[in-house]
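Below is my_file09.cif, holding mmCIF, C-alpha atoms.
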```cif
data_query
#
loop_
_atom_site.group_PDB
_atom_site.id
_atom_site.type_symbol
_atom_site.label_atom_id
_atom_site.label_comp_id
_atom_site.auth_asym_id
_atom_site.auth_seq_id
_atom_site.Cartn_x
_atom_site.Cartn_y
_atom_site.Cartn_z
ATOM 1 C CA MET A 79 19.957 -1.479 -19.142
ATOM 2 C CA ASN A 80 18.475 0.267 -16.102
ATOM 3 C CA GLU A 81 15.933 2.039 -18.292
ATOM 4 C CA MET A 82 15.100 -1.144 -20.158
ATOM 5 C CA TYR A 83 14.525 -3.461 -17.198
ATOM 6 C CA TYR A 84 11.300 -1.995 -15.764
ATOM 7 C CA PRO A 85 9.259 -1.936 -19.007
ATOM 8 C CA PHE A 86 10.694 -5.315 -20.038
ATOM 9 C CA SER A 87 9.834 -6.890 -16.666
ATOM 10 C CA GLU A 88 6.322 -5.414 -16.582
ATOM 11 C CA SER A 89 5.636 -6.392 -20.183
ATOM 12 C CA CYS A 90 6.767 -9.966 -19.572
ATOM 13 C CA ALA A 91 4.780 -10.213 -16.335
ATOM 14 C CA ALA A 92 1.624 -9.011 -18.080
ATOM 15 C CA GLU A 93 1.803 -11.947 -20.519
ATOM 16 C CA PHE A 94 1.660 -15.410 -18.969
ATOM 17 C CA GLN A 95 3.254 -17.050 -22.007
ATOM 18 C CA CYS A 96 6.395 -14.904 -21.631
ATOM 19 C CA ILE A 97 8.020 -17.358 -19.214
ATOM 20 C CA GLU A 98 7.246 -20.514 -21.160
ATOM 21 C CA SER A 99 8.103 -19.050 -24.577
ATOM 22 C CA GLY A 100 11.626 -18.195 -23.421
ATOM 23 C CA TRP A 101 11.601 -14.405 -23.085
ATOM 24 C CA GLY A 102 11.930 -14.871 -19.329
ATOM 25 C CA VAL A 103 15.527 -16.072 -19.884
ATOM 26 C CA LEU A 104 16.485 -12.694 -21.349
ATOM 27 C CA GLN A 105 14.565 -10.846 -18.637
ATOM 28 C CA LEU A 106 16.562 -12.588 -15.893
ATOM 29 C CA ALA A 107 19.830 -11.971 -17.744
ATOM 30 C CA VAL A 108 18.984 -8.255 -17.694
ATOM 31 C CA LEU A 109 18.030 -8.497 -14.006
ATOM 32 C CA ALA A 110 21.516 -9.835 -13.233
ATOM 33 C CA THR A 111 23.111 -7.106 -15.347
ATOM 34 C CA VAL A 112 21.382 -4.307 -13.426
ATOM 35 C CA GLY A 113 22.737 -5.628 -10.121
ATOM 36 C CA TYR A 114 20.722 -8.629 -8.896
ATOM 37 C CA ARG A 115 22.750 -11.736 -9.675
ATOM 38 C CA GLU A 116 21.510 -13.844 -6.739
ATOM 39 C CA GLU A 117 17.837 -13.083 -7.364
ATOM 40 C CA ALA A 118 18.241 -13.832 -11.079
ATOM 41 C CA ALA A 119 20.015 -17.143 -10.364
ATOM 42 C CA ILE A 120 17.235 -18.271 -8.023
ATOM 43 C CA ARG A 121 14.564 -17.464 -10.605
ATOM 44 C CA VAL A 122 16.464 -19.212 -13.411
ATOM 45 C CA LYS A 123 16.409 -22.431 -11.384
ATOM 46 C CA SER A 124 12.608 -22.302 -11.276
ATOM 47 C CA LEU A 125 12.105 -21.719 -15.025
ATOM 48 C CA PRO A 126 10.329 -24.603 -16.823
ATOM 49 C CA GLU A 127 12.315 -26.570 -19.413
ATOM 50 C CA GLU A 128 10.168 -25.044 -22.170
ATOM 51 C CA SER A 129 11.796 -21.674 -21.517
ATOM 52 C CA PHE A 130 15.043 -23.002 -22.960
ATOM 53 C CA THR A 131 13.637 -25.138 -25.786
ATOM 54 C CA ASN A 132 11.117 -22.686 -27.241
ATOM 55 C CA ALA A 133 12.016 -20.083 -29.858
ATOM 56 C CA ALA A 134 12.455 -17.048 -27.614
ATOM 57 C CA GLY A 135 14.951 -18.996 -25.495
ATOM 58 C CA ASN A 136 17.277 -18.559 -28.473
ATOM 59 C CA GLY A 137 19.193 -21.784 -27.855
ATOM 60 C CA HIS A 138 20.298 -20.898 -24.330
ATOM 61 C CA SER A 139 20.565 -23.610 -21.685
ATOM 62 C CA ARG A 140 20.019 -23.322 -17.962
ATOM 63 C CA THR A 141 23.744 -23.882 -17.406
ATOM 64 C CA ASN A 142 25.014 -21.180 -19.750
ATOM 65 C CA THR A 143 22.373 -18.745 -18.412
ATOM 66 C CA LEU A 144 23.624 -19.322 -14.855
ATOM 67 C CA TRP A 145 27.205 -18.828 -16.072
ATOM 68 C CA TYR A 146 26.252 -15.514 -17.683
ATOM 69 C CA ILE A 147 24.514 -14.372 -14.490
ATOM 70 C CA ALA A 148 27.456 -15.359 -12.300
ATOM 71 C CA THR A 149 29.911 -13.363 -14.414
ATOM 72 C CA ARG A 150 28.024 -10.061 -14.315
ATOM 73 C CA PRO A 151 29.958 -7.276 -12.561
ATOM 74 C CA THR A 152 28.920 -6.019 -9.136
ATOM 75 C CA ILE A 153 26.814 -2.852 -9.237
ATOM 76 C CA ASP A 154 27.397 -0.519 -6.287
ATOM 77 C CA GLU A 155 24.016 1.237 -6.500
ATOM 78 C CA PRO A 156 21.558 -1.014 -8.332
ATOM 79 C CA ILE A 157 18.093 0.170 -9.304
ATOM 80 C CA GLU A 158 15.246 -0.598 -6.907
ATOM 81 C CA LEU A 159 14.063 -4.213 -7.247
ATOM 82 C CA VAL A 160 10.375 -4.764 -7.924
ATOM 83 C CA GLU A 161 9.367 -7.424 -5.405
ATOM 84 C CA THR A 162 6.302 -8.707 -7.240
ATOM 85 C CA ASP A 163 5.502 -9.054 -10.903
ATOM 86 C CA VAL A 164 3.072 -6.461 -12.159
ATOM 87 C CA ARG A 165 0.423 -7.892 -14.494
ATOM 88 C CA GLY A 166 -1.526 -4.983 -15.859
ATOM 89 C CA ALA A 167 -1.626 -1.421 -14.560
ATOM 90 C CA GLY A 168 -1.934 -1.327 -10.788
ATOM 91 C CA GLU A 169 -2.547 -5.058 -10.414
ATOM 92 C CA LYS A 170 -0.095 -7.315 -8.583
ATOM 93 C CA ARG A 171 -0.065 -11.075 -8.922
ATOM 94 C CA PRO A 172 2.391 -13.796 -7.928
ATOM 95 C CA ALA A 173 5.012 -14.937 -10.396
ATOM 96 C CA PRO A 174 3.699 -17.702 -12.689
ATOM 97 C CA VAL A 175 3.568 -21.166 -11.089
ATOM 98 C CA PHE A 176 2.975 -24.160 -13.347
ATOM 99 C CA LYS A 177 1.487 -26.534 -10.774
ATOM 100 C CA LEU A 178 -1.729 -26.574 -8.773
ATOM 101 C CA THR A 179 -1.480 -25.741 -5.071
ATOM 102 C CA ASP A 180 -4.224 -23.453 -3.774
ATOM 103 C CA CYS A 181 -4.956 -21.101 -6.713
ATOM 104 C CA HIS A 182 -3.241 -18.330 -4.703
ATOM 105 C CA THR A 183 -6.310 -18.328 -2.397
ATOM 106 C CA PRO A 184 -5.313 -20.533 0.577
ATOM 107 C CA ALA A 185 -8.113 -19.199 2.778
ATOM 108 C CA THR A 186 -10.940 -20.364 0.511
ATOM 109 C CA CYS A 187 -9.575 -22.805 -2.087
ATOM 110 C CA THR A 188 -9.525 -25.925 0.087
ATOM 111 C CA ASP A 189 -9.260 -29.569 -0.970
ATOM 112 C CA ALA A 190 -13.022 -29.863 -0.464
ATOM 113 C CA VAL A 191 -13.641 -27.084 -2.997
ATOM 114 C CA LEU A 192 -11.109 -28.433 -5.492
ATOM 115 C CA ASP A 193 -12.707 -31.887 -5.315
ATOM 116 C CA GLN A 194 -16.229 -30.609 -6.027
ATOM 117 C CA LYS A 195 -17.840 -31.678 -9.280
ATOM 118 C CA ALA A 196 -17.917 -29.110 -12.075
ATOM 119 C CA GLY A 197 -19.811 -30.911 -14.790
ATOM 120 C CA SER A 198 -18.248 -34.267 -15.615
ATOM 121 C CA PHE A 199 -14.969 -33.466 -13.843
ATOM 122 C CA THR A 200 -13.870 -31.915 -10.564
ATOM 123 C CA CYS A 201 -12.489 -28.409 -10.212
ATOM 124 C CA ARG A 202 -9.073 -29.938 -9.482
ATOM 125 C CA GLU A 203 -9.139 -32.070 -12.633
ATOM 126 C CA ARG A 204 -10.140 -29.155 -14.854
ATOM 127 C CA ILE A 205 -7.501 -26.811 -13.447
ATOM 128 C CA THR A 206 -4.799 -29.485 -13.537
ATOM 129 C CA TYR A 207 -5.612 -30.221 -17.185
ATOM 130 C CA LEU A 208 -5.138 -26.572 -18.150
ATOM 131 C CA ILE A 209 -1.835 -26.398 -16.271
ATOM 132 C CA GLU A 210 -0.294 -29.707 -17.347
ATOM 133 C CA ILE A 211 -1.692 -30.103 -20.868
ATOM 134 C CA GLN A 212 -2.300 -26.546 -22.074
ATOM 135 C CA ARG A 213 0.660 -25.165 -20.070
ATOM 136 C CA LYS A 214 -1.299 -22.330 -18.458
ATOM 137 C CA SER A 215 -0.025 -20.851 -15.204
ATOM 138 C CA GLN A 216 -1.874 -21.661 -11.987
ATOM 139 C CA TRP A 217 -3.314 -18.115 -11.880
ATOM 140 C CA GLU A 218 -4.575 -18.284 -15.463
ATOM 141 C CA ALA A 219 -6.022 -21.806 -15.113
ATOM 142 C CA CYS A 220 -7.779 -21.048 -11.822
ATOM 143 C CA SER A 221 -9.128 -17.746 -13.179
ATOM 144 C CA LEU A 222 -10.614 -19.504 -16.205
ATOM 145 C CA VAL A 223 -12.196 -22.457 -14.372
ATOM 146 C CA ALA A 224 -13.240 -20.746 -11.118
ATOM 147 C CA GLY A 225 -13.807 -17.215 -12.350
ATOM 148 C CA VAL A 226 -15.482 -17.796 -15.715
ATOM 149 C CA GLU A 227 -16.552 -21.342 -16.562
ATOM 150 C CA TYR A 228 -17.657 -22.916 -13.235
ATOM 151 C CA THR A 229 -18.190 -20.069 -10.795
ATOM 152 C CA GLU A 230 -20.828 -21.876 -8.712
ATOM 153 C CA SER A 231 -18.784 -25.030 -8.088
ATOM 154 C CA CYS A 232 -15.250 -23.642 -8.104
ATOM 155 C CA GLY A 233 -15.702 -19.916 -7.417
ATOM 156 C CA LEU A 234 -13.883 -20.012 -4.075
ATOM 157 C CA CYS A 235 -10.699 -20.808 -6.024
ATOM 158 C CA ASP A 236 -10.865 -17.681 -8.181
ATOM 159 C CA PRO A 237 -7.555 -15.837 -7.481
ATOM 160 C CA SER A 238 -8.976 -12.490 -8.583
ATOM 161 C CA ASN A 239 -11.177 -12.519 -5.465
ATOM 162 C CA GLU A 240 -8.113 -12.742 -3.238
ATOM 163 C CA ALA A 241 -6.404 -9.916 -5.139
ATOM 164 C CA GLU A 242 -9.454 -7.690 -4.808
ATOM 165 C CA ASN A 243 -9.747 -8.376 -1.071
ATOM 166 C CA THR A 244 -6.039 -7.642 -0.547
ATOM 167 C CA GLU A 245 -6.307 -4.353 -2.391
ATOM 168 C CA GLU A 246 -9.373 -3.367 -0.357
ATOM 169 C CA ASP A 247 -7.657 -4.179 2.945
ATOM 170 C CA ALA A 248 -4.564 -2.185 1.967
ATOM 171 C CA SER A 249 -6.423 0.830 0.651
ATOM 172 C CA GLU A 250 -7.152 3.873 2.764
ATOM 173 C CA PRO A 251 -10.745 5.056 3.275
ATOM 174 C CA SER A 252 -11.709 7.432 0.477
ATOM 175 C CA ASN A 253 -12.609 11.021 1.298
ATOM 176 C CA GLU A 254 -16.278 11.861 0.987
ATOM 177 C CA GLY A 255 -16.984 13.678 -2.253
ATOM 178 C CA SER A 256 -13.536 12.898 -3.672
ATOM 179 C CA SER A 257 -13.368 13.645 -7.391
ATOM 180 C CA THR A 258 -11.028 10.680 -7.989
ATOM 181 C CA ALA A 259 -13.395 7.979 -6.709
ATOM 182 C CA ASN A 260 -13.797 4.970 -9.019
ATOM 183 C CA LEU A 261 -16.949 4.785 -11.067
ATOM 184 C CA GLN A 262 -19.346 1.988 -10.248
ATOM 185 C CA CYS A 263 -18.957 -0.596 -13.017
ATOM 186 C CA PRO A 264 -21.895 -3.044 -12.824
ATOM 187 C CA PRO A 265 -21.943 -6.259 -14.872
ATOM 188 C CA CYS A 266 -22.532 -5.478 -18.533
ATOM 189 C CA THR A 267 -26.082 -5.920 -19.796
ATOM 190 C CA ASP A 268 -27.005 -8.409 -22.516
ATOM 191 C CA ALA A 269 -27.140 -5.575 -25.046
ATOM 192 C CA GLU A 270 -23.650 -4.397 -24.051
ATOM 193 C CA CYS A 271 -22.261 -7.949 -24.199
ATOM 194 C CA TYR A 272 -23.575 -8.425 -27.730
ATOM 195 C CA SER A 273 -22.395 -5.002 -28.901
ATOM 196 C CA GLN A 274 -19.063 -3.690 -30.202
ATOM 197 C CA LEU A 275 -18.160 -2.843 -26.601
ATOM 198 C CA ASN A 276 -17.270 -6.502 -26.042
ATOM 199 C CA ARG A 277 -13.676 -6.364 -27.272
ATOM 200 C CA CYS A 278 -11.703 -6.369 -24.015
ATOM 201 C CA PRO A 279 -9.213 -9.141 -23.040
ATOM 202 C CA LEU A 280 -11.156 -11.557 -20.828
ATOM 203 C CA PHE A 281 -8.653 -11.818 -17.948
ATOM 204 C CA ASP A 282 -6.498 -8.718 -18.140
ATOM 205 C CA GLU A 283 -8.805 -5.762 -18.864
ATOM 206 C CA THR A 284 -12.445 -6.628 -18.206
ATOM 207 C CA PHE A 285 -13.760 -3.122 -17.410
ATOM 208 C CA VAL A 286 -15.007 -1.325 -20.511
ATOM 209 C CA CYS A 287 -15.905 2.365 -20.721
ATOM 210 C CA THR A 288 -19.411 2.676 -22.177
ATOM 211 C CA ALA A 289 -19.739 6.483 -22.387
ATOM 212 C CA GLY A 290 -17.431 9.479 -22.532
ATOM 213 C CA ARG A 291 -14.254 10.365 -24.402
ATOM 214 C CA ASN A 292 -12.763 6.935 -23.610
ATOM 215 C CA ALA A 293 -15.818 4.951 -24.757
ATOM 216 C CA PHE A 294 -14.840 1.413 -25.864
ATOM 217 C CA GLY A 295 -11.621 1.671 -23.814
ATOM 218 C CA CYS A 296 -10.566 -1.315 -21.674
ATOM 219 C CA SER A 297 -9.087 -1.254 -18.166
ATOM 220 C CA PRO A 298 -7.897 -3.860 -15.607
ATOM 221 C CA GLN A 299 -9.718 -1.957 -12.860
ATOM 222 C CA PRO A 300 -12.884 0.148 -12.587
ATOM 223 C CA TRP A 301 -12.615 3.426 -14.473
ATOM 224 C CA ASP A 302 -11.727 6.526 -12.476
ATOM 225 C CA ALA A 303 -13.986 9.568 -12.581
ATOM 226 C CA ASN A 304 -11.054 11.618 -13.902
ATOM 227 C CA ASP A 305 -10.321 9.235 -16.797
ATOM 228 C CA ASP A 306 -12.758 10.902 -19.237
ATOM 229 C CA CYS A 307 -15.199 8.030 -18.783
ATOM 230 C CA ASP A 308 -18.790 8.798 -17.771
ATOM 231 C CA ALA A 309 -20.011 5.194 -17.388
ATOM 232 C CA CYS A 310 -18.552 1.674 -17.460
ATOM 233 C CA CYS A 311 -19.423 -2.003 -17.021
ATOM 234 C CA GLU A 312 -17.618 -5.273 -16.269
ATOM 235 C CA MET A 313 -17.480 -7.873 -19.069
ATOM 236 C CA THR A 314 -16.867 -11.221 -17.271
ATOM 237 C CA ARG A 315 -20.460 -12.468 -17.540
ATOM 238 C CA CYS A 316 -20.463 -11.929 -21.314
ATOM 239 C CA GLN A 317 -18.678 -15.234 -21.884
ATOM 240 C CA SER A 318 -21.332 -17.200 -19.981
ATOM 241 C CA LEU A 319 -24.056 -15.386 -21.950
ATOM 242 C CA LYS A 320 -22.374 -16.446 -25.170
ATOM 243 C CA ASP A 321 -22.369 -20.091 -24.033
ATOM 244 C CA LYS A 322 -26.021 -19.860 -22.902
ATOM 245 C CA GLU A 323 -27.116 -18.364 -26.225
ATOM 246 C CA ALA A 324 -25.486 -21.230 -28.078
ATOM 247 C CA LYS A 325 -27.623 -23.764 -26.153
ATOM 248 C CA LYS A 326 -31.045 -22.305 -27.016
ATOM 249 C CA VAL A 327 -33.348 -24.906 -28.577
ATOM 250 C CA THR A 328 -36.908 -25.119 -29.895
ATOM 251 C CA HIS A 329 -39.665 -27.217 -28.316
ATOM 252 C CA ASP A 330 -38.720 -30.218 -30.467
ATOM 253 C CA GLY A 331 -35.138 -30.097 -29.200
ATOM 254 C CA ASN A 332 -33.559 -28.680 -32.353
ATOM 255 C CA LEU A 333 -31.304 -25.641 -32.346
ATOM 256 C CA LEU A 334 -33.134 -22.407 -33.112
ATOM 257 C CA GLU A 335 -30.729 -21.765 -35.921
ATOM 258 C CA ALA A 336 -28.232 -24.145 -37.441
ATOM 259 C CA PRO A 337 -24.804 -22.822 -36.406
ATOM 260 C CA ILE A 338 -22.503 -21.819 -39.228
ATOM 261 C CA CYS A 339 -19.564 -23.028 -37.138
ATOM 262 C CA PRO A 340 -20.783 -25.759 -34.747
ATOM 263 C CA PRO A 341 -18.753 -26.678 -31.640
ATOM 264 C CA CYS A 342 -15.529 -28.456 -32.566
ATOM 265 C CA PRO A 343 -15.471 -32.235 -31.979
ATOM 266 C CA LYS A 344 -12.940 -33.594 -29.504
ATOM 267 C CA LYS A 345 -10.653 -34.899 -32.247
ATOM 268 C CA VAL A 346 -10.312 -31.320 -33.502
ATOM 269 C CA CYS A 347 -10.047 -29.804 -30.007
ATOM 270 C CA TYR A 348 -7.033 -31.931 -29.200
ATOM 271 C CA GLY A 349 -5.579 -32.022 -32.712
ATOM 272 C CA GLU A 350 -2.645 -30.084 -34.148
ATOM 273 C CA LEU A 351 -4.959 -27.924 -36.269
ATOM 274 C CA ASN A 352 -6.420 -26.187 -33.203
ATOM 275 C CA GLN A 353 -4.192 -23.233 -32.347
ATOM 276 C CA CYS A 354 -7.022 -20.733 -31.785
ATOM 277 C CA PRO A 355 -7.151 -18.410 -28.740
ATOM 278 C CA ILE A 356 -10.524 -19.391 -27.279
ATOM 279 C CA HIS A 357 -11.678 -15.979 -26.031
ATOM 280 C CA THR A 358 -10.553 -13.756 -28.895
ATOM 281 C CA ALA A 359 -10.647 -15.873 -32.079
ATOM 282 C CA PRO A 360 -12.475 -19.174 -31.360
ATOM 283 C CA TYR A 361 -13.702 -19.936 -34.907
ATOM 284 C CA LEU A 362 -11.403 -22.478 -36.583
ATOM 285 C CA CYS A 363 -11.378 -23.072 -40.335
ATOM 286 C CA LEU A 364 -11.330 -26.825 -41.057
ATOM 287 C CA SER A 365 -11.014 -26.827 -44.847
ATOM 288 C CA GLY A 366 -10.330 -24.439 -47.692
ATOM 289 C CA ASP A 367 -7.515 -22.006 -48.436
ATOM 290 C CA SER A 368 -7.715 -20.672 -44.846
ATOM 291 C CA LYS A 369 -7.540 -24.119 -43.215
ATOM 292 C CA GLY A 370 -6.132 -23.745 -39.696
ATOM 293 C CA GLY A 371 -6.997 -20.053 -39.571
ATOM 294 C CA CYS A 372 -8.703 -18.497 -36.538
ATOM 295 C CA ALA A 373 -11.351 -15.769 -36.603
ATOM 296 C CA SER A 374 -13.243 -13.702 -34.051
ATOM 297 C CA ARG A 375 -16.502 -14.241 -35.994
ATOM 298 C CA PRO A 376 -17.948 -17.296 -37.795
ATOM 299 C CA TRP A 377 -16.395 -17.859 -41.189
ATOM 300 C CA GLY A 378 -18.522 -17.200 -44.282
ATOM 301 C CA VAL A 379 -18.863 -20.833 -45.321
ATOM 302 C CA SER A 380 -19.781 -21.627 -48.927
ATOM 303 C CA GLU A 381 -18.209 -23.081 -52.026
ATOM 304 C CA GLY A 382 -15.584 -20.879 -53.556
ATOM 305 C CA THR A 383 -14.794 -19.016 -50.319
ATOM 306 C CA MET A 384 -11.532 -19.061 -48.377
ATOM 307 C CA CYS A 385 -13.104 -21.419 -45.812
ATOM 308 C CA SER A 386 -15.622 -24.136 -46.714
ATOM 309 C CA GLU A 387 -16.016 -25.703 -43.246
ATOM 310 C CA CYS A 388 -15.465 -24.403 -39.724
ATOM 311 C CA CYS A 389 -16.140 -25.091 -36.051
ATOM 312 C CA GLU A 390 -16.070 -23.140 -32.780
ATOM 313 C CA VAL A 391 -13.512 -23.846 -30.029
ATOM 314 C CA THR A 392 -15.627 -23.618 -26.858
ATOM 315 C CA PRO A 393 -14.569 -23.646 -23.162
ATOM 316 C CA ASN A 394 -15.672 -27.304 -22.967
ATOM 317 C CA CYS A 395 -13.579 -28.259 -25.959
#
```

Encoded form using structure tokens:
Amino acid sequence: MNEMYYPFSESCAAEFQCIESGWGVLQLAVLATVGYREEAAIRVKSLPEESFTNAAGNGHSRTNTLWYIATRPTIDEPIELVETDVRGAGEKRPAPVFKLTDCHTPATCTDAVLDQKAGSFTCRERITYLIEIQRKSQWEACSLVAGVEYTESCGLCDPSNEAENTEEDASEPSNEGSSTANLQCPPCTDAECYSQLNRCPLFDETFVCTAGRNAFGCSPQPWDANDDCDACCEMTRCQSLKDKEAKKVTHDGNLLEAPICPPCPKKVCYGELNQCPIHTAPYLCLSGDSKGGCASRPWGVSEGTMCSECCEVTPNC
């Protein structure tokens, strides 16, 4: 159990859906078993109801989970408790919170910023929608709205900025000429965004190695000079480039090229058919043998194919 807890905890913390899907129930049961009954009981009380009703909850209730925790034997020398969840190598974030407070950036994410307009809705309304309707954690919702989709209006609520500042404040000055200094990873160019390099998870590992033995590798932080990577870039702006490219029009107002998979209409966006992960497989098949399927590239639409009609799930969907 001692050997299992650390990798289990880190794996669950790296995936925001772990708590809601129910795996968090098992994680806390293990936490109690390795010697931390009180901490596990406190965390169980804060789990959302979905943790117990979804598949990974395995039919457990909050009551029987608390009973299990309370009956674990006392451990004289428990393993060291990790105080914060680790979400990705070397990156620390707060435990998932499923309500909007301050996007984990109390110094900059004020009510005035949250109430600013970001298109047709305010930053607060967009973040709240993602949390309450799409069941994203506060960190994930704020990162998407403030860090990717509406950086100008809502950027001060991007929690990754706070994490970066905290890490900088806590770090010691680097020695001049140190061989372990991080490479400079500038924003990826248009060519890099539209190339095969653009395969990294949007929120978790946005730094891609562009040259060296680890070319095409993804990392949650800038590549180190000793990581067999000679050059790198940061992929966040690639999503906005993709949206900008989709809006190009000719002088008469028509699209330069009729999209194979046009943006999904609202009735599809909010319908049961849409189960596509927006940043990795946004192309939804609407009819054909693959109806309901998701793809990372537009479907080959024609009669006799697996998909005869498709649409793209966009950030504004």

(message) What does the structure give for the distance between atom CA of Pro340 of chain A and atom CA of Met384 of chain A, in Å to one decimal?
(response)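 Result for atom CA of Pro340 of chain A versus atom CA of Met384 of chain A: 17.8 Å, one decimal.
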
(message) So, with only C-alpha atoms as the atoms that count, which of A:Leu351, A:Leu144, A:Leu109, A:Cys278 lies closest to Met82 of chain A?
(response) A:Leu109

(message) For this structure, which residues satisfy the selection - the PyMOL selection byres ((chain A and resi 223-240) around 7) - when it is evaluated on the file as given? I want them as number ranges by chain.
(response) A: 181-183, 186-187, 191-192, 194-196, 201, 205, 217, 219-222, 241-244, 314

(message) List as a ChimeraX atom specification the protein and nucleic acid residues near Ser365 of chain A, meaning an atom at most 7 Å away when all atoms listed in the file are counted, but skip any in the same chain fewer than 5 places from it.
(response) /A:385-387

Using the chain letters and residue numbers of this document, give as a PDB file with C-alpha atoms, in the frame of the given file the residues selected by the PyMOL selection byres ((chain A and resi 136) around 10).
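To be explicit, this is the file written out as selection.pdb:
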```pdb
ATOM      1  CA  SER A  99       8.103 -19.050 -24.577  1.00  0.00           C
ATOM      2  CA  GLY A 100      11.626 -18.195 -23.421  1.00  0.00           C
ATOM      3  CA  TRP A 101      11.601 -14.405 -23.085  1.00  0.00           C
ATOM      4  CA  VAL A 103      15.527 -16.072 -19.884  1.00  0.00           C
ATOM      5  CA  LEU A 104      16.485 -12.694 -21.349  1.00  0.00           C
ATOM      6  CA  SER A 129      11.796 -21.674 -21.517  1.00  0.00           C
ATOM      7  CA  PHE A 130      15.043 -23.002 -22.960  1.00  0.00           C
ATOM      8  CA  THR A 131      13.637 -25.138 -25.786  1.00  0.00           C
ATOM      9  CA  ASN A 132      11.117 -22.686 -27.241  1.00  0.00           C
ATOM     10  CA  ALA A 133      12.016 -20.083 -29.858  1.00  0.00           C
ATOM     11  CA  ALA A 134      12.455 -17.048 -27.614  1.00  0.00           C
ATOM     12  CA  GLY A 135      14.951 -18.996 -25.495  1.00  0.00           C
ATOM     13  CA  GLY A 137      19.193 -21.784 -27.855  1.00  0.00           C
ATOM     14  CA  HIS A 138      20.298 -20.898 -24.330  1.00  0.00           C
ATOM     15  CA  SER A 139      20.565 -23.610 -21.685  1.00  0.00           C
TER      16      SER A 139
END
```

(request) With a distance cut-off of 7 Å and only C-alpha atoms, select the neighbouring residues of Asn352 of chain A, excluding the residue or stretch itself and same-chain residues fewer than 5 positions from it, and output the selection as a ChimeraX atom specification. (result) /A:346-347,370

(request) Work out how far apart atom CA of Phe294 of chain A and atom CA of Val391 of chain A are and give it in Å to one decimal. (result)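 Straight-line distance from atom CA of Phe294 of chain A to atom CA of Val391 of chain A works out to 25.6 Å.
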
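The nearest approach to Thr141 of chain A among the residues A:Lys123, A:Asp306, A:Ile157, A:Ile209, with only C-alpha atoms taken into account, belongs to A:Lys123.
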
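Between atom CA of Ser124 of chain A and atom CA of Ala185 of chain A the interatomic distance comes to 25.2 Å.
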
(request) Give the answer as one residue: which of A:Thr267, A:Thr288, A:Asn276, A:Asn304 has the shortest atom-to-atom distance to His357 of chain A, using only C-alpha atoms? (result)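 Checking each of A:Thr267, A:Thr288, A:Asn276, A:Asn304 against His357 of chain A, counting only C-alpha atoms, the winner is A:Asn276.
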
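The nearest approach to Trp301 of chain A among the residues A:Pro376, A:Pro264, A:Pro393, A:Gly113, with all atoms listed in the file taken into account, belongs to A:Pro264.
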
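The residue that comes closest to Ala119 of chain A, out of A:Cys310, A:Cys96, A:Leu178, A:Ala148 and on the basis of only C-alpha atoms, is A:Ala148.
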
(message) Suppose a student applies the PyMOL selection byres ((chain A and resi 311) around 7) to this structure; what residues should they get, written as a PyMOL selection string?
(response) chain A and resi 263-266+285-288+310+312-313

Box centre and edge lengths (Å, one decimal), axis-aligned, segment 351-362 of chain A plus 6 Å each side, as AutoDock Vina command-line options:
```
--center_x -8.9 --center_y -20.8 --center_z -31.3 --size_x 21.5 --size_y 26.2 --size_z 22.6
```
